[in-house]
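Visitor: Input: one structure, supplied below.
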Amino acid sequence: MDSKLVFFDIDGTLKPYHSPVPEPTKEALRLLRGNGHLPILCTGRTLRVAVANDWAEELNFAGIICAAGGHVVYRGETVYFDALTPEETAWLHDLLWGCGCTFVLEGPEGLYYEPAQEAAVQALWGNVFGPSVPLVPYSPGQQPPVQKAFVASGQLLEERGCVSALAERFQLLWYGEAHQMVELVPKELSKATGIQALLTHLGMTREDTYAFGDGPNDVEMLRFCGCGICMGDGQPMAKAAADYITGPCDGSGIYDACHHFGLIG
């Protein structure tokens, strides 16, 4: 089989949110590399958050697409990067702060928070990512680039009439049955955008690609790639976008699908 690019979402796909990468998944990645295929992380996390864990280096990915398609790194080289302008960042901060939401602005070097929300942000994000991910007070015009945002009290956007203004500039990707969480990604971006940038860089085509995902920000990726695979415990919209549904992420779902498609023996 010719070399294939195999893309992996992180949370809920490569690993459960608060658990290690399962051993069958590690073995699948080892076998993929041994067969000449190229495993690539493809995540909504921005760069510093995505590589903050020891397992990311241990698993030896050939590259990473992060910030929901806004940043592509291959073999240590940045091949695509997109960020909000300072004016767009300030507008987004002010709107979210005015709605009373708890939120972080996400950039390649860290997560930026409204200083008045420090305790809430530390409880929500600091406890998840630990000290290796910088949580930095937001300072207008003085922080490094911002690429997207994540809101922990998304229902307030609906209650206070902020959704339509945001929707003019961003995709609103909702998580949780009560819309408690929402990811805000610039409208022109998706994981498929980042994948196309990498394919162009490598001179490869969509037919050379497989993708594993589970959630709302994986839908475009699953539809775009030659074969989109959703985890068995993925969300309905991701399952609807996929060509194949495998087992849950906390078991041998990734290994089994790689074997099913002949990527590994």
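Here's how to read the names in the structure tokens: chain A, B, ... by the order shown, residue numbers from 1 in each chain, ligand numbers from 1 in the order shown.
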What parts of region 126-177 of chain A does DSSP call helix (DSSP H, G or I)? I'd like the answer as a ChimeraX atom specification.
Guide: /A:126-129,155-159,163-167
Visitor: For region 197-203 of chain A, please output as an MDAnalysis selection string all residues within 8 Å (counting only C-alpha atoms; exclusion window: fewer than 2 positions along the same chain).
Guide: chainID A and resid 72 74 79:80 193:195 205:206
Visitor: Going by DSSP on the backbone, which bits of region 80-263 of chain A are strand (DSSP E or B)? Write them as a short mmCIF file (atom, residue, chain, number, x, y, z; two decimals) with all heavy atoms, in the first residue's frame, please.
Guide:
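What ended up in part-v6.cif:
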```cif
data_model
loop_
_atom_site.label_atom_id
_atom_site.label_comp_id
_atom_site.auth_asym_id
_atom_site.auth_seq_id
_atom_site.Cartn_x
_atom_site.Cartn_y
_atom_site.Cartn_z
N TYR A 80 1.59 26.47 7.35
CA TYR A 80 0.39 27.31 7.24
C TYR A 80 0.10 27.90 8.61
O TYR A 80 0.24 27.22 9.63
CB TYR A 80 -0.81 26.47 6.77
CG TYR A 80 -2.10 27.24 6.67
CD1 TYR A 80 -2.36 28.08 5.59
CD2 TYR A 80 -3.07 27.14 7.67
CE1 TYR A 80 -3.55 28.78 5.51
CE2 TYR A 80 -4.26 27.85 7.59
CZ TYR A 80 -4.50 28.67 6.50
OH TYR A 80 -5.66 29.38 6.42
N PHE A 81 -0.29 29.19 8.63
CA PHE A 81 -0.65 29.83 9.90
C PHE A 81 -1.67 30.92 9.64
O PHE A 81 -1.54 31.71 8.70
CB PHE A 81 0.60 30.44 10.56
CG PHE A 81 0.30 31.07 11.90
CD1 PHE A 81 0.20 30.29 13.04
CD2 PHE A 81 0.10 32.44 12.01
CE1 PHE A 81 -0.08 30.85 14.27
CE2 PHE A 81 -0.18 33.01 13.25
CZ PHE A 81 -0.27 32.21 14.38
N PHE A 103 -14.35 32.49 29.63
CA PHE A 103 -13.77 32.14 28.33
C PHE A 103 -12.25 32.27 28.37
O PHE A 103 -11.67 32.91 29.26
CB PHE A 103 -14.33 33.05 27.24
CG PHE A 103 -13.97 34.51 27.40
CD1 PHE A 103 -12.87 35.05 26.73
CD2 PHE A 103 -14.71 35.34 28.24
CE1 PHE A 103 -12.53 36.39 26.89
CE2 PHE A 103 -14.37 36.69 28.41
CZ PHE A 103 -13.28 37.21 27.73
N VAL A 104 -11.62 31.64 27.37
CA VAL A 104 -10.21 31.89 27.09
C VAL A 104 -10.06 32.19 25.60
O VAL A 104 -10.78 31.63 24.76
CB VAL A 104 -9.30 30.70 27.47
CG1 VAL A 104 -9.15 30.59 28.97
CG2 VAL A 104 -9.78 29.39 26.87
N LEU A 105 -9.13 33.08 25.28
CA LEU A 105 -8.70 33.30 23.91
C LEU A 105 -7.48 32.42 23.69
O LEU A 105 -6.57 32.40 24.53
CB LEU A 105 -8.35 34.77 23.69
CG LEU A 105 -9.46 35.78 24.05
CD1 LEU A 105 -8.94 37.20 23.91
CD2 LEU A 105 -10.69 35.56 23.19
N GLU A 106 -7.43 31.71 22.58
CA GLU A 106 -6.42 30.67 22.38
C GLU A 106 -5.43 31.07 21.29
O GLU A 106 -5.82 31.44 20.18
CB GLU A 106 -7.09 29.36 21.98
CG GLU A 106 -8.14 28.87 22.98
CD GLU A 106 -8.82 27.61 22.48
OE1 GLU A 106 -8.17 26.55 22.45
OE2 GLU A 106 -10.00 27.70 22.11
N GLY A 107 -4.15 30.98 21.62
CA GLY A 107 -3.10 31.27 20.66
C GLY A 107 -2.02 30.22 20.68
O GLY A 107 -2.03 29.32 21.53
N GLY A 110 -0.18 30.07 24.18
CA GLY A 110 -0.88 29.95 25.46
C GLY A 110 -2.34 30.30 25.35
O GLY A 110 -2.88 30.53 24.27
N LEU A 111 -2.98 30.36 26.53
CA LEU A 111 -4.39 30.72 26.65
C LEU A 111 -4.48 32.03 27.43
O LEU A 111 -3.83 32.19 28.46
CB LEU A 111 -5.16 29.62 27.39
CG LEU A 111 -5.04 28.20 26.82
CD1 LEU A 111 -5.83 27.22 27.69
CD2 LEU A 111 -5.52 28.14 25.38
N TYR A 112 -5.31 32.94 26.94
CA TYR A 112 -5.39 34.28 27.52
C TYR A 112 -6.78 34.49 28.13
O TYR A 112 -7.79 34.17 27.50
CB TYR A 112 -5.10 35.33 26.43
CG TYR A 112 -3.80 35.02 25.74
CD1 TYR A 112 -3.78 34.36 24.51
CD2 TYR A 112 -2.58 35.32 26.35
CE1 TYR A 112 -2.58 34.04 23.90
CE2 TYR A 112 -1.38 35.00 25.74
CZ TYR A 112 -1.39 34.36 24.52
OH TYR A 112 -0.20 34.02 23.92
N TYR A 113 -6.81 35.02 29.35
CA TYR A 113 -8.06 35.15 30.07
C TYR A 113 -8.25 36.57 30.59
O TYR A 113 -7.29 37.32 30.80
CB TYR A 113 -8.11 34.15 31.24
CG TYR A 113 -7.05 34.38 32.31
CD1 TYR A 113 -7.29 35.24 33.39
CD2 TYR A 113 -5.82 33.74 32.25
CE1 TYR A 113 -6.33 35.45 34.35
CE2 TYR A 113 -4.86 33.94 33.21
CZ TYR A 113 -5.12 34.81 34.26
OH TYR A 113 -4.15 35.03 35.22
N LEU A 135 -1.33 30.00 31.15
CA LEU A 135 -2.56 30.77 31.26
C LEU A 135 -2.14 32.20 31.60
O LEU A 135 -1.56 32.46 32.66
CB LEU A 135 -3.45 30.21 32.36
CG LEU A 135 -4.18 28.90 32.02
CD1 LEU A 135 -4.80 28.29 33.27
CD2 LEU A 135 -5.25 29.14 30.97
N VAL A 136 -2.42 33.13 30.70
CA VAL A 136 -1.84 34.47 30.76
C VAL A 136 -2.97 35.50 30.78
O VAL A 136 -3.91 35.42 29.99
CB VAL A 136 -0.95 34.73 29.53
CG1 VAL A 136 -0.30 36.10 29.62
CG2 VAL A 136 0.11 33.64 29.40
N PRO A 137 -2.90 36.51 31.68
CA PRO A 137 -3.91 37.56 31.67
C PRO A 137 -3.95 38.29 30.33
O PRO A 137 -2.89 38.61 29.76
CB PRO A 137 -3.46 38.50 32.81
CG PRO A 137 -2.56 37.68 33.66
CD PRO A 137 -1.90 36.70 32.76
N LYS A 148 -8.45 31.59 18.08
CA LYS A 148 -9.81 31.14 18.30
C LYS A 148 -10.15 31.36 19.77
O LYS A 148 -9.35 31.94 20.51
CB LYS A 148 -9.98 29.66 17.91
CG LYS A 148 -8.99 28.74 18.60
CD LYS A 148 -8.97 27.34 17.98
CE LYS A 148 -10.16 26.50 18.38
NZ LYS A 148 -10.07 26.01 19.78
N ALA A 149 -11.31 30.88 20.20
CA ALA A 149 -11.71 31.03 21.60
C ALA A 149 -12.53 29.84 22.03
O ALA A 149 -13.10 29.11 21.20
CB ALA A 149 -12.51 32.32 21.80
N PHE A 150 -12.60 29.65 23.34
CA PHE A 150 -13.45 28.60 23.91
C PHE A 150 -14.20 29.20 25.09
O PHE A 150 -13.60 29.86 25.95
CB PHE A 150 -12.61 27.40 24.36
CG PHE A 150 -13.39 26.12 24.35
CD1 PHE A 150 -13.40 25.30 23.24
CD2 PHE A 150 -14.15 25.73 25.45
CE1 PHE A 150 -14.13 24.12 23.21
CE2 PHE A 150 -14.88 24.56 25.44
CZ PHE A 150 -14.87 23.75 24.32
N VAL A 151 -15.50 28.97 25.11
CA VAL A 151 -16.39 29.58 26.10
C VAL A 151 -16.98 28.48 26.96
O VAL A 151 -17.50 27.48 26.44
CB VAL A 151 -17.50 30.38 25.41
CG1 VAL A 151 -18.45 30.99 26.44
CG2 VAL A 151 -16.91 31.47 24.53
N PHE A 170 -17.68 33.90 13.10
CA PHE A 170 -17.16 32.64 13.62
C PHE A 170 -18.15 31.49 13.42
O PHE A 170 -19.36 31.70 13.39
CB PHE A 170 -16.88 32.76 15.14
CG PHE A 170 -15.78 33.73 15.47
CD1 PHE A 170 -16.09 35.06 15.73
CD2 PHE A 170 -14.46 33.33 15.53
CE1 PHE A 170 -15.08 35.97 16.04
CE2 PHE A 170 -13.45 34.22 15.83
CZ PHE A 170 -13.75 35.55 16.09
N GLN A 171 -17.60 30.30 13.34
CA GLN A 171 -18.40 29.08 13.51
C GLN A 171 -18.57 28.86 15.01
O GLN A 171 -17.60 28.94 15.76
CB GLN A 171 -17.68 27.89 12.93
CG GLN A 171 -17.29 27.99 11.47
CD GLN A 171 -16.35 26.88 11.09
OE1 GLN A 171 -16.72 25.71 11.12
NE2 GLN A 171 -15.12 27.23 10.72
N LEU A 172 -19.79 28.57 15.43
CA LEU A 172 -20.05 28.26 16.83
C LEU A 172 -20.26 26.75 16.94
O LEU A 172 -21.26 26.22 16.44
CB LEU A 172 -21.28 29.01 17.35
CG LEU A 172 -21.07 30.49 17.73
CD1 LEU A 172 -20.87 31.37 16.49
CD2 LEU A 172 -22.24 31.00 18.55
N LEU A 173 -19.30 26.07 17.53
CA LEU A 173 -19.33 24.62 17.65
C LEU A 173 -19.72 24.28 19.08
O LEU A 173 -18.93 24.46 20.01
CB LEU A 173 -17.97 24.03 17.29
CG LEU A 173 -17.45 24.42 15.90
CD1 LEU A 173 -16.04 23.91 15.69
CD2 LEU A 173 -18.38 23.89 14.81
N TRP A 174 -20.95 23.78 19.27
CA TRP A 174 -21.52 23.60 20.60
C TRP A 174 -21.19 22.20 21.14
O TRP A 174 -21.23 21.22 20.42
CB TRP A 174 -23.03 23.77 20.56
CG TRP A 174 -23.47 25.14 20.12
CD1 TRP A 174 -23.83 25.53 18.86
CD2 TRP A 174 -23.58 26.31 20.94
NE1 TRP A 174 -24.17 26.86 18.85
CE2 TRP A 174 -24.02 27.37 20.11
CE3 TRP A 174 -23.36 26.57 22.29
CZ2 TRP A 174 -24.25 28.65 20.59
CZ3 TRP A 174 -23.59 27.84 22.77
CH2 TRP A 174 -24.03 28.87 21.92
N TYR A 175 -20.93 22.16 22.44
CA TYR A 175 -20.65 20.90 23.13
C TYR A 175 -21.56 20.81 24.36
O TYR A 175 -21.76 21.81 25.06
CB TYR A 175 -19.18 20.84 23.59
CG TYR A 175 -18.20 20.86 22.44
CD1 TYR A 175 -17.81 22.07 21.85
CD2 TYR A 175 -17.66 19.69 21.93
CE1 TYR A 175 -16.92 22.09 20.80
CE2 TYR A 175 -16.76 19.70 20.88
CZ TYR A 175 -16.38 20.91 20.32
OH TYR A 175 -15.50 20.94 19.28
N MET A 181 -20.79 24.57 26.57
CA MET A 181 -19.47 24.90 26.03
C MET A 181 -19.60 25.20 24.54
O MET A 181 -20.36 24.54 23.82
CB MET A 181 -18.50 23.72 26.21
CG MET A 181 -18.50 23.10 27.60
SD MET A 181 -17.67 24.11 28.83
CE MET A 181 -15.97 23.68 28.52
N VAL A 182 -18.83 26.18 24.08
CA VAL A 182 -18.85 26.49 22.65
C VAL A 182 -17.44 26.90 22.22
O VAL A 182 -16.77 27.68 22.88
CB VAL A 182 -19.89 27.57 22.30
CG1 VAL A 182 -19.62 28.88 23.04
CG2 VAL A 182 -19.94 27.80 20.81
N GLU A 183 -17.02 26.32 21.11
CA GLU A 183 -15.74 26.65 20.49
C GLU A 183 -16.01 27.65 19.37
O GLU A 183 -16.92 27.46 18.55
CB GLU A 183 -15.11 25.37 19.95
CG GLU A 183 -13.71 25.53 19.38
CD GLU A 183 -13.15 24.20 18.91
OE1 GLU A 183 -13.93 23.21 18.76
OE2 GLU A 183 -11.93 24.13 18.69
N LEU A 184 -15.22 28.71 19.32
CA LEU A 184 -15.40 29.75 18.30
C LEU A 184 -14.22 29.71 17.35
O LEU A 184 -13.08 30.01 17.72
CB LEU A 184 -15.49 31.13 18.97
CG LEU A 184 -16.59 31.29 20.03
CD1 LEU A 184 -16.51 32.67 20.67
CD2 LEU A 184 -17.97 31.08 19.42
N VAL A 185 -14.49 29.33 16.10
CA VAL A 185 -13.45 29.17 15.08
C VAL A 185 -13.77 30.12 13.93
O VAL A 185 -14.92 30.20 13.49
CB VAL A 185 -13.43 27.72 14.55
CG1 VAL A 185 -12.38 27.56 13.45
CG2 VAL A 185 -13.18 26.75 15.70
N PRO A 186 -12.78 30.88 13.42
CA PRO A 186 -13.05 31.77 12.28
C PRO A 186 -13.76 31.04 11.14
O PRO A 186 -13.47 29.88 10.84
CB PRO A 186 -11.64 32.21 11.86
CG PRO A 186 -10.85 32.20 13.14
CD PRO A 186 -11.39 30.99 13.90
N THR A 209 -5.72 9.97 2.20
CA THR A 209 -5.95 10.36 3.59
C THR A 209 -7.02 9.52 4.28
O THR A 209 -8.03 9.14 3.68
CB THR A 209 -6.38 11.84 3.68
OG1 THR A 209 -7.60 12.04 2.94
CG2 THR A 209 -5.30 12.76 3.12
N TYR A 210 -6.79 9.30 5.57
CA TYR A 210 -7.76 8.74 6.51
C TYR A 210 -7.85 9.71 7.68
O TYR A 210 -6.86 10.37 8.02
CB TYR A 210 -7.33 7.37 7.02
CG TYR A 210 -7.38 6.26 6.00
CD1 TYR A 210 -6.40 6.15 5.02
CD2 TYR A 210 -8.41 5.32 6.03
CE1 TYR A 210 -6.45 5.13 4.08
CE2 TYR A 210 -8.45 4.29 5.09
CZ TYR A 210 -7.47 4.20 4.12
OH TYR A 210 -7.51 3.20 3.19
N ALA A 211 -9.02 9.79 8.32
CA ALA A 211 -9.18 10.68 9.47
C ALA A 211 -10.00 10.00 10.55
O ALA A 211 -11.00 9.33 10.25
CB ALA A 211 -9.84 11.98 9.05
N PHE A 212 -9.60 10.20 11.80
CA PHE A 212 -10.33 9.72 12.97
C PHE A 212 -10.81 10.93 13.78
O PHE A 212 -10.02 11.82 14.11
CB PHE A 212 -9.41 8.87 13.87
CG PHE A 212 -9.09 7.51 13.34
CD1 PHE A 212 -8.04 7.33 12.45
CD2 PHE A 212 -9.84 6.41 13.73
CE1 PHE A 212 -7.73 6.07 11.96
CE2 PHE A 212 -9.53 5.13 13.25
CZ PHE A 212 -8.47 4.97 12.36
N GLY A 213 -12.11 10.94 14.12
CA GLY A 213 -12.65 12.03 14.92
C GLY A 213 -13.86 11.59 15.70
O GLY A 213 -14.31 10.44 15.61
N CYS A 227 -11.20 8.69 3.63
CA CYS A 227 -12.01 7.85 4.51
C CYS A 227 -12.11 8.51 5.87
O CYS A 227 -11.09 8.72 6.54
CB CYS A 227 -11.39 6.46 4.63
SG CYS A 227 -12.38 5.33 5.66
N GLY A 228 -13.32 8.84 6.29
CA GLY A 228 -13.55 9.44 7.60
C GLY A 228 -14.08 8.39 8.57
O GLY A 228 -15.07 7.71 8.27
N ILE A 229 -13.43 8.27 9.72
CA ILE A 229 -13.77 7.24 10.71
C ILE A 229 -14.16 7.92 12.01
O ILE A 229 -13.38 8.71 12.56
CB ILE A 229 -12.57 6.30 10.93
CG1 ILE A 229 -12.16 5.65 9.60
CG2 ILE A 229 -12.91 5.24 11.98
CD1 ILE A 229 -10.76 5.06 9.62
N CYS A 230 -15.34 7.61 12.52
CA CYS A 230 -15.80 8.18 13.78
C CYS A 230 -15.71 7.13 14.88
O CYS A 230 -15.99 5.94 14.67
CB CYS A 230 -17.24 8.67 13.67
SG CYS A 230 -17.85 9.51 15.16
N TYR A 244 -17.24 5.39 8.21
CA TYR A 244 -17.12 4.15 8.98
C TYR A 244 -17.13 4.51 10.47
O TYR A 244 -16.56 5.53 10.87
CB TYR A 244 -15.81 3.45 8.62
CG TYR A 244 -15.57 2.12 9.31
CD1 TYR A 244 -16.17 0.95 8.84
CD2 TYR A 244 -14.72 2.03 10.41
CE1 TYR A 244 -15.94 -0.27 9.45
CE2 TYR A 244 -14.48 0.81 11.04
CZ TYR A 244 -15.09 -0.34 10.55
OH TYR A 244 -14.85 -1.55 11.15
N ILE A 245 -17.79 3.70 11.27
CA ILE A 245 -17.82 3.91 12.72
C ILE A 245 -17.12 2.73 13.38
O ILE A 245 -17.47 1.57 13.14
CB ILE A 245 -19.26 4.05 13.24
CG1 ILE A 245 -19.92 5.28 12.59
CG2 ILE A 245 -19.28 4.18 14.76
CD1 ILE A 245 -21.38 5.43 12.89
#
```
Visitor: Using only C-alpha atoms, pick whichever of A:Ala68, A:Cys99, A:Val133, A:Leu84 has the shortest atom-to-atom distance to Arg48 (chain A).
Guide: A:Val133
Visitor: Taking only C-alpha atoms into account, name the residue in A:Glu188, A:Asp54, A:Asp2, A:Asp243 that is nearest to Ser132 (chain A).
Guide: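 Of A:Glu188, A:Asp54, A:Asp2, A:Asp243, the one nearest Ser132 (chain A), counting only C-alpha atoms, is A:Asp54.
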Visitor: Set the distance at 8 Å and use only C-alpha atoms: which residues neighbour Thr43 (chain A) once local chain neighbours fewer than 6 positions away are removed? I'd like the list as a VMD selection string.
Guide: chain A and resid 8 to 10 50 64 to 69 191
Visitor: Find, counting only C-alpha atoms, the residue in A:Gly70, A:Gly12, A:Gly36, A:Gly44 that gets nearest to Asn217 (chain A).
Guide: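 The answer is A:Gly44, which sits nearest to Asn217 (chain A).
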Visitor: What lies within 9 Å of Tyr255 (chain A) using only C-alpha atoms, ignoring chain neighbours under 4 positions off, as a list of chain:residue names?
Guide: A:Pro24, A:Thr25, A:Lys26, A:Glu27, A:Ala28, A:Leu29, A:Gly251, A:His259, A:His260, A:Ile264
Visitor: Applying 12 Å and only C-alpha atoms, which residues near Asp94 (chain A) remain after dropping the ones on its own chain fewer than 4 positions away? List them as an MDAnalysis selection string.
Guide: chainID A and resid 87:90 98:101 103 105 113:114 138:140 162 166
Visitor: Restrict the selected residues to N, CA, C and O atoms and save them as a PDB file, in the first residue's frame.
Guide:
```pdb
ATOM      1  N   GLU A  87      -7.449  43.850  16.140  1.00  0.00           N
ATOM      2  CA  GLU A  87      -8.781  44.457  16.227  1.00  0.00           C
ATOM      3  C   GLU A  87      -9.857  43.382  16.396  1.00  0.00           C
ATOM      4  O   GLU A  87     -10.800  43.543  17.185  1.00  0.00           O
ATOM      5  N   GLU A  88      -9.729  42.283  15.659  1.00  0.00           N
ATOM      6  CA  GLU A  88     -10.682  41.182  15.795  1.00  0.00           C
ATOM      7  C   GLU A  88     -10.606  40.550  17.180  1.00  0.00           C
ATOM      8  O   GLU A  88     -11.634  40.200  17.786  1.00  0.00           O
ATOM      9  N   THR A  89      -9.388  40.419  17.691  1.00  0.00           N
ATOM     10  CA  THR A  89      -9.209  39.857  19.032  1.00  0.00           C
ATOM     11  C   THR A  89      -9.871  40.731  20.084  1.00  0.00           C
ATOM     12  O   THR A  89     -10.576  40.232  20.975  1.00  0.00           O
ATOM     13  N   ALA A  90      -9.660  42.051  19.999  1.00  0.00           N
ATOM     14  CA  ALA A  90     -10.259  42.967  20.967  1.00  0.00           C
ATOM     15  C   ALA A  90     -11.782  42.927  20.888  1.00  0.00           C
ATOM     16  O   ALA A  90     -12.475  42.937  21.924  1.00  0.00           O
ATOM     17  N   GLY A  98     -18.612  41.142  27.814  1.00  0.00           N
ATOM     18  CA  GLY A  98     -19.878  41.837  27.997  1.00  0.00           C
ATOM     19  C   GLY A  98     -21.055  40.902  28.196  1.00  0.00           C
ATOM     20  O   GLY A  98     -22.041  41.264  28.850  1.00  0.00           O
ATOM     21  N   CYS A  99     -20.953  39.681  27.646  1.00  0.00           N
ATOM     22  CA  CYS A  99     -22.018  38.687  27.818  1.00  0.00           C
ATOM     23  C   CYS A  99     -21.926  37.960  29.157  1.00  0.00           C
ATOM     24  O   CYS A  99     -22.828  37.182  29.493  1.00  0.00           O
ATOM     25  N   GLY A 100     -20.862  38.183  29.889  1.00  0.00           N
ATOM     26  CA  GLY A 100     -20.708  37.519  31.182  1.00  0.00           C
ATOM     27  C   GLY A 100     -20.193  36.100  31.100  1.00  0.00           C
ATOM     28  O   GLY A 100     -20.279  35.345  32.076  1.00  0.00           O
ATOM     29  N   CYS A 101     -19.637  35.709  29.947  1.00  0.00           N
ATOM     30  CA  CYS A 101     -19.145  34.344  29.771  1.00  0.00           C
ATOM     31  C   CYS A 101     -17.787  34.149  30.436  1.00  0.00           C
ATOM     32  O   CYS A 101     -16.989  35.077  30.537  1.00  0.00           O
ATOM     33  N   PHE A 103     -14.346  32.492  29.626  1.00  0.00           N
ATOM     34  CA  PHE A 103     -13.768  32.142  28.331  1.00  0.00           C
ATOM     35  C   PHE A 103     -12.247  32.271  28.366  1.00  0.00           C
ATOM     36  O   PHE A 103     -11.671  32.909  29.256  1.00  0.00           O
ATOM     37  N   LEU A 105      -9.134  33.079  25.277  1.00  0.00           N
ATOM     38  CA  LEU A 105      -8.697  33.303  23.907  1.00  0.00           C
ATOM     39  C   LEU A 105      -7.475  32.422  23.693  1.00  0.00           C
ATOM     40  O   LEU A 105      -6.572  32.396  24.532  1.00  0.00           O
ATOM     41  N   TYR A 113      -6.806  35.024  29.352  1.00  0.00           N
ATOM     42  CA  TYR A 113      -8.064  35.149  30.073  1.00  0.00           C
ATOM     43  C   TYR A 113      -8.253  36.569  30.587  1.00  0.00           C
ATOM     44  O   TYR A 113      -7.292  37.320  30.799  1.00  0.00           O
ATOM     45  N   GLU A 114      -9.506  36.921  30.781  1.00  0.00           N
ATOM     46  CA  GLU A 114      -9.850  38.184  31.408  1.00  0.00           C
ATOM     47  C   GLU A 114      -9.396  38.127  32.866  1.00  0.00           C
ATOM     48  O   GLU A 114      -9.773  37.211  33.602  1.00  0.00           O
ATOM     49  N   TYR A 138      -5.145  38.526  29.843  1.00  0.00           N
ATOM     50  CA  TYR A 138      -5.303  39.229  28.573  1.00  0.00           C
ATOM     51  C   TYR A 138      -4.925  40.694  28.737  1.00  0.00           C
ATOM     52  O   TYR A 138      -5.359  41.367  29.672  1.00  0.00           O
ATOM     53  N   SER A 139      -4.110  41.177  27.786  1.00  0.00           N
ATOM     54  CA  SER A 139      -3.709  42.582  27.782  1.00  0.00           C
ATOM     55  C   SER A 139      -3.862  43.091  26.351  1.00  0.00           C
ATOM     56  O   SER A 139      -3.114  42.655  25.464  1.00  0.00           O
ATOM     57  N   PRO A 140      -4.821  43.946  26.068  1.00  0.00           N
ATOM     58  CA  PRO A 140      -5.116  44.349  24.686  1.00  0.00           C
ATOM     59  C   PRO A 140      -3.879  44.787  23.915  1.00  0.00           C
ATOM     60  O   PRO A 140      -3.125  45.663  24.355  1.00  0.00           O
ATOM     61  N   CYS A 162     -26.194  37.292  21.904  1.00  0.00           N
ATOM     62  CA  CYS A 162     -24.887  37.539  21.289  1.00  0.00           C
ATOM     63  C   CYS A 162     -24.569  36.603  20.134  1.00  0.00           C
ATOM     64  O   CYS A 162     -23.562  36.782  19.445  1.00  0.00           O
ATOM     65  N   LEU A 166     -21.736  36.989  16.764  1.00  0.00           N
ATOM     66  CA  LEU A 166     -20.609  36.062  16.662  1.00  0.00           C
ATOM     67  C   LEU A 166     -20.676  35.261  15.367  1.00  0.00           C
ATOM     68  O   LEU A 166     -19.656  35.012  14.716  1.00  0.00           O
TER      69      LEU A 166
END
```
Visitor: Nearest to Leu59 (chain A): which of A:Met237, A:Val21, A:Leu47, A:Leu95 is it, counting only C-alpha atoms?
Guide: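 Nearest to Leu59 (chain A): A:Val21.
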Visitor: Between CA of Thr78 (chain A) and CA of Ala62 (chain A), measure the distance and give it in Å to one decimal.
Guide: 12.5 Å
